[in-house]
Amino acid sequence: MQILEGEGVTKYFGGLAAVSKVDFYVAEGEVVGLIGPNGAGKTTLFNLISGALPLKSGVIKFKGEKISGLKPHQICRMGVARTFQSVKVFGNMPVFQNVLLGSLFGTPSAMSSTDAAKEAAGLLEFVGLSAVKMTPARDLTLANQKRVEVARALATKPELLLLDELMAGLNPTETAETMELVTRIRDKGITVFMIEHVMKAIMGVCDRIIVLHHGEKIAEGTPKEIATSKTVIEVYLGE
Amino acid sequence: MDITAFKFKRFAVPGVLLLILIALATLPIYAAGYTPTLMTTIFMYIILTVSWVIFSGPTGYISLAPAAFFGVGIYTMAVLGKDLPLLVIVVIGGLISFILALLVGAVTLRLRGIYFTIFTFGLLLFIQYLLLFWEFTVTKTRGRFVVLESTTTIYYVIFGILVATLLTAYFIRRSKFGLALQSIGENEEAAAHMGVNVTMVKIITFAISAFFMGAVGAVMATKWTYIDPGIAFNMLYSFMPVLMAIFGGIGPLYGPVIGAAIFAYLQEVLITRFPYYYMLLFGTILIVTILYLPSGLIGLIPKLWRRRSGGQHADT
C-alpha cells in the first residue's frame, strides 16, 4: 500500500520552478531516499509535504487522503512527522520538554499527561538521550540535537517520518550511529522518507531512491540502479 | 534536619502568600486614607504587567496594545456606568476587549517581530482617534463623566481582578497550553510541525490577556470621574507594562509582579517628592537597572543569596 503519493507536485519561488511536476510515492514500511545536488528542491518537497509551504499545483495524498492544503499541525496529527535540515530544537527548554510537546500535541488521539510523560521518557531512552533529559536543548552537540528532533518527531506517533539531512555535519562514528537509529525506526514499523547527502548512508539503508535535479525527478530505483544510472552520474559529476 | 528543611520549604511559600493575601484583603480596615488609593494604583500596574506577560513573555511577541484594551474598558464604564452594576460592567469591559483582541489577533498574529509591535501600537492610535472623531461629529462632546465609586469598592474590585489575573497566569504557565506558548517563542515553525495549532494558541492567549486589561480599565474609570479619548487611550499604559516587566525580570512569574509593584511605588513617591525632575530620576533608575541587571530586579536574588551564604552554595 502506498502511504504517501504526490501527483504533479509543483512549487514556484517567483519565476523559478523549485519543484516541477514531480510524481512520487512511498510505500508502507519502506525507507526511501531523496537525493540530488544542492538546490534540487529536496527540502522544498519536504516543506510541501509537511504543509510548511503551499503547493502551486498538484496534489499530495497520505494514506489516500488529500493533505495538500492542510496546516502543518493538522498534517502532523494525521501521522506525518519531520525533522529539519537546520536544527530547530526549542533551545531554552529541557530536552524532555522538547519531546513531551510532541506527545502532548502531535498525536492522532489525545493522551493523558502521565502517558505523554511516559512516552517521552521512553523515546529519550530509544534515541539514547536519557542522561541529558533535563539539559536545555541548546547545550547539546549537533548530533544530539538531531536526536532530540528525531525523538520529538517520534513522540507524535507518526506512520511516516520525514528526515531532512539527519547526517549532515556529523563525524563518521555519529553517522554510523545515526544509520543504526534509522534502521531501528524502520523496525518499529514507521515508514521513512529521507533526504541525505552522505552516499554511504543512503546506499546502506534505503530500499529505493528518488533523484531530483532542478526541481524535476530524473531517476528512481534501487540503490544499485541509481549508483549505475548514467543520468545520475552525469548530474553529480558532469558530462 | 533535612526533613524539617524540606517541610519548611514546602509550607513556607503558600504560607507567606496566604499571609500577604489576608493582609491585603483586610487593608481598607486598618489603613485608611492614602494607602488603599496607592495600593489601587500599584494593583492596576501589576494587572497590566502580568496580563502583558501572559502573552508576550513566553511568545516574545512584544505587544504595545495594552492601552488600547485598557481604554476600551474605560469607555465601557463611561458609557454603561449609570445603567448597570459595577461588577457587570467590569466583566463586559473585559469581554469587549477579549473580542476585540480575537479579531485583531486573527488579522495581525501572522505578523512577526517588529511588524507585530508596530501594528499593535497603530491599533492603539487608530482606536483613540476614531473615538475622538466619533465624539466630535456624532455625540458633539469631547469627554465624558463617569459615575463615582467609593475607594473601598474600587480597592476590592481591583484586588479581585488582581487575584484572578495572577491565578490565570500561574495556571497557564503550568499547563500544557503554557508549554505550547513557550515552544512558539522558541521556534514557531517547529511548534507547528509538532502538532501545536500556533495561530489558535496565540490568538486565545492574546485575548485572555486583553480581558484583564479591559476589566481593570473599567474599574479605574470610576476613580477618575472624567475621561476623554486622550486620557483613556494614553500610550503610557502601553509602555509601562513592558518597562515594568523588563524592570522586574520576565523569567519567573514573581518578576513582573515585583517589577510593577516597585516601579509603580517609585513613580508615586518620586512624583510627589520631586514633581519637576521625577521623570529624570525615573529614567536614570531604569537605565541603571537595564545596564547592570539585564535579567531585571530578580537577577539580584541569586547574587544576594550567594553573598549572604558566603559562597557555600556556589552553583555548578
# chains A, B, ... in the order shown; residues from 1 in each chain; ligands from 1

$ select_by_dssp --residues "chain A" --states "alpha helix (DSSP H)" --output "PyMOL selection string"
chain A and resi 42-50+72-78+95-105+113-127+142-154+172-187+199-205+223-228+230-237

$ select_by_dssp --residues "region 12-233 of chain B" --states "strand (DSSP E)" --output "list of chain:residue names"
B:Arg144, B:Phe145, B:Tyr226, B:Ile227

$ residues_around --residues "Gly29 (chain A)" --least-positions-apart "6" --cutoff "10 Å" --atoms "only C-alpha atoms" --output "MDAnalysis selection string"
chainID A and resid 1:3 159:160 186:192 207

$ closest_atom_pairs --of "chain B" --to "chain A" --cutoff "7 Å" --atoms "only C-alpha atoms" --output "tab-separated table"
residue	atom	partner	partner_atom	distance
B:Ser183	CA	A:Phe90	CA	6.2
B:Glu186	CA	A:Phe90	CA	5.2
B:Asn187	CA	A:Phe90	CA	6.2
B:Ala190	CA	A:Lys88	CA	6.1
B:Ala192	CA	A:His73	CA	5.1
B:His193	CA	A:Pro72	CA	5.3
B:Met194	CA	A:Gly102	CA	5.1
B:Gly195	CA	A:His73	CA	3.9
B:Val196	CA	A:His73	CA	5.6
B:Asn197	CA	A:His73	CA	5.8

$ write_last_selection --atoms "N, CA and C atoms" --output "JSON list (two decimals), in the first residue's frame"
[["chain", "number", "residue", "atom", "x", "y", "z"],
["B", 183, "SER", "N", 6.95, 27.02, 23.37],
["B", 183, "SER", "CA", 7.53, 26.46, 22.15],
["B", 183, "SER", "C", 7.37, 27.42, 20.97],
["B", 186, "GLU", "N", 10.09, 29.84, 21.21],
["B", 186, "GLU", "CA", 11.38, 29.24, 20.88],
["B", 186, "GLU", "C", 11.55, 29.05, 19.38],
["B", 187, "ASN", "N", 10.56, 28.43, 18.77],
["B", 187, "ASN", "CA", 10.62, 28.22, 17.32],
["B", 187, "ASN", "C", 9.23, 27.89, 16.81],
["B", 190, "ALA", "N", 8.79, 24.97, 14.16],
["B", 190, "ALA", "CA", 8.91, 23.64, 14.74],
["B", 190, "ALA", "C", 7.67, 23.32, 15.58],
["B", 192, "ALA", "N", 4.63, 24.31, 15.15],
["B", 192, "ALA", "CA", 3.53, 23.96, 14.26],
["B", 192, "ALA", "C", 3.68, 22.53, 13.76],
["B", 193, "HIS", "N", 4.92, 22.12, 13.48],
["B", 193, "HIS", "CA", 5.16, 20.77, 12.98],
["B", 193, "HIS", "C", 5.09, 19.72, 14.07],
["B", 194, "MET", "N", 4.99, 20.14, 15.33],
["B", 194, "MET", "CA", 4.81, 19.19, 16.42],
["B", 194, "MET", "C", 3.34, 19.06, 16.79],
["B", 195, "GLY", "N", 2.48, 19.63, 15.98],
["B", 195, "GLY", "CA", 1.05, 19.50, 16.23],
["B", 195, "GLY", "C", 0.42, 20.62, 17.02],
["B", 196, "VAL", "N", 1.19, 21.69, 17.29],
["B", 196, "VAL", "CA", 0.60, 22.82, 18.02],
["B", 196, "VAL", "C", -0.12, 23.73, 17.02],
["B", 197, "ASN", "N", -1.38, 24.00, 17.29],
["B", 197, "ASN", "CA", -2.13, 24.92, 16.43],
["B", 197, "ASN", "C", -1.71, 26.33, 16.82]]

$ atom_distance --atom1 "CA of Arg142 (chain B)" --atom2 "CA of Leu48 (chain B)"
26.3 Å

$ atom_distance --atom1 "CA of Ser209 (chain B)" --atom2 "CA of Ala245 (chain B)"
14.3 Å

$ residues_around --residues "region 60-68 of chain A" --least-positions-apart "3" --cutoff "6 Å" --atoms "only C-alpha atoms" --output "list of chain:residue names"
A:Ile3, A:Leu4, A:Glu5, A:Gly6

$ write_last_selection --atoms "N, CA and C atoms" --output "PDB file, in the first residue's frame"
ATOM      1  N   ILE A   3       1.695   4.750   1.177  1.00  0.00           N
ATOM      2  CA  ILE A   3       1.333   5.580   2.327  1.00  0.00           C
ATOM      3  C   ILE A   3       1.337   7.053   1.923  1.00  0.00           C
ATOM      4  N   LEU A   4       2.247   7.406   1.010  1.00  0.00           N
ATOM      5  CA  LEU A   4       2.342   8.799   0.566  1.00  0.00           C
ATOM      6  C   LEU A   4       2.457   8.822  -0.947  1.00  0.00           C
ATOM      7  N   GLU A   5       1.634   9.655  -1.581  1.00  0.00           N
ATOM      8  CA  GLU A   5       1.809   9.823  -3.024  1.00  0.00           C
ATOM      9  C   GLU A   5       1.614  11.269  -3.435  1.00  0.00           C
ATOM     10  N   GLY A   6       2.392  11.665  -4.429  1.00  0.00           N
ATOM     11  CA  GLY A   6       2.272  13.024  -4.951  1.00  0.00           C
ATOM     12  C   GLY A   6       2.084  12.957  -6.453  1.00  0.00           C
TER      13      GLY A   6
END
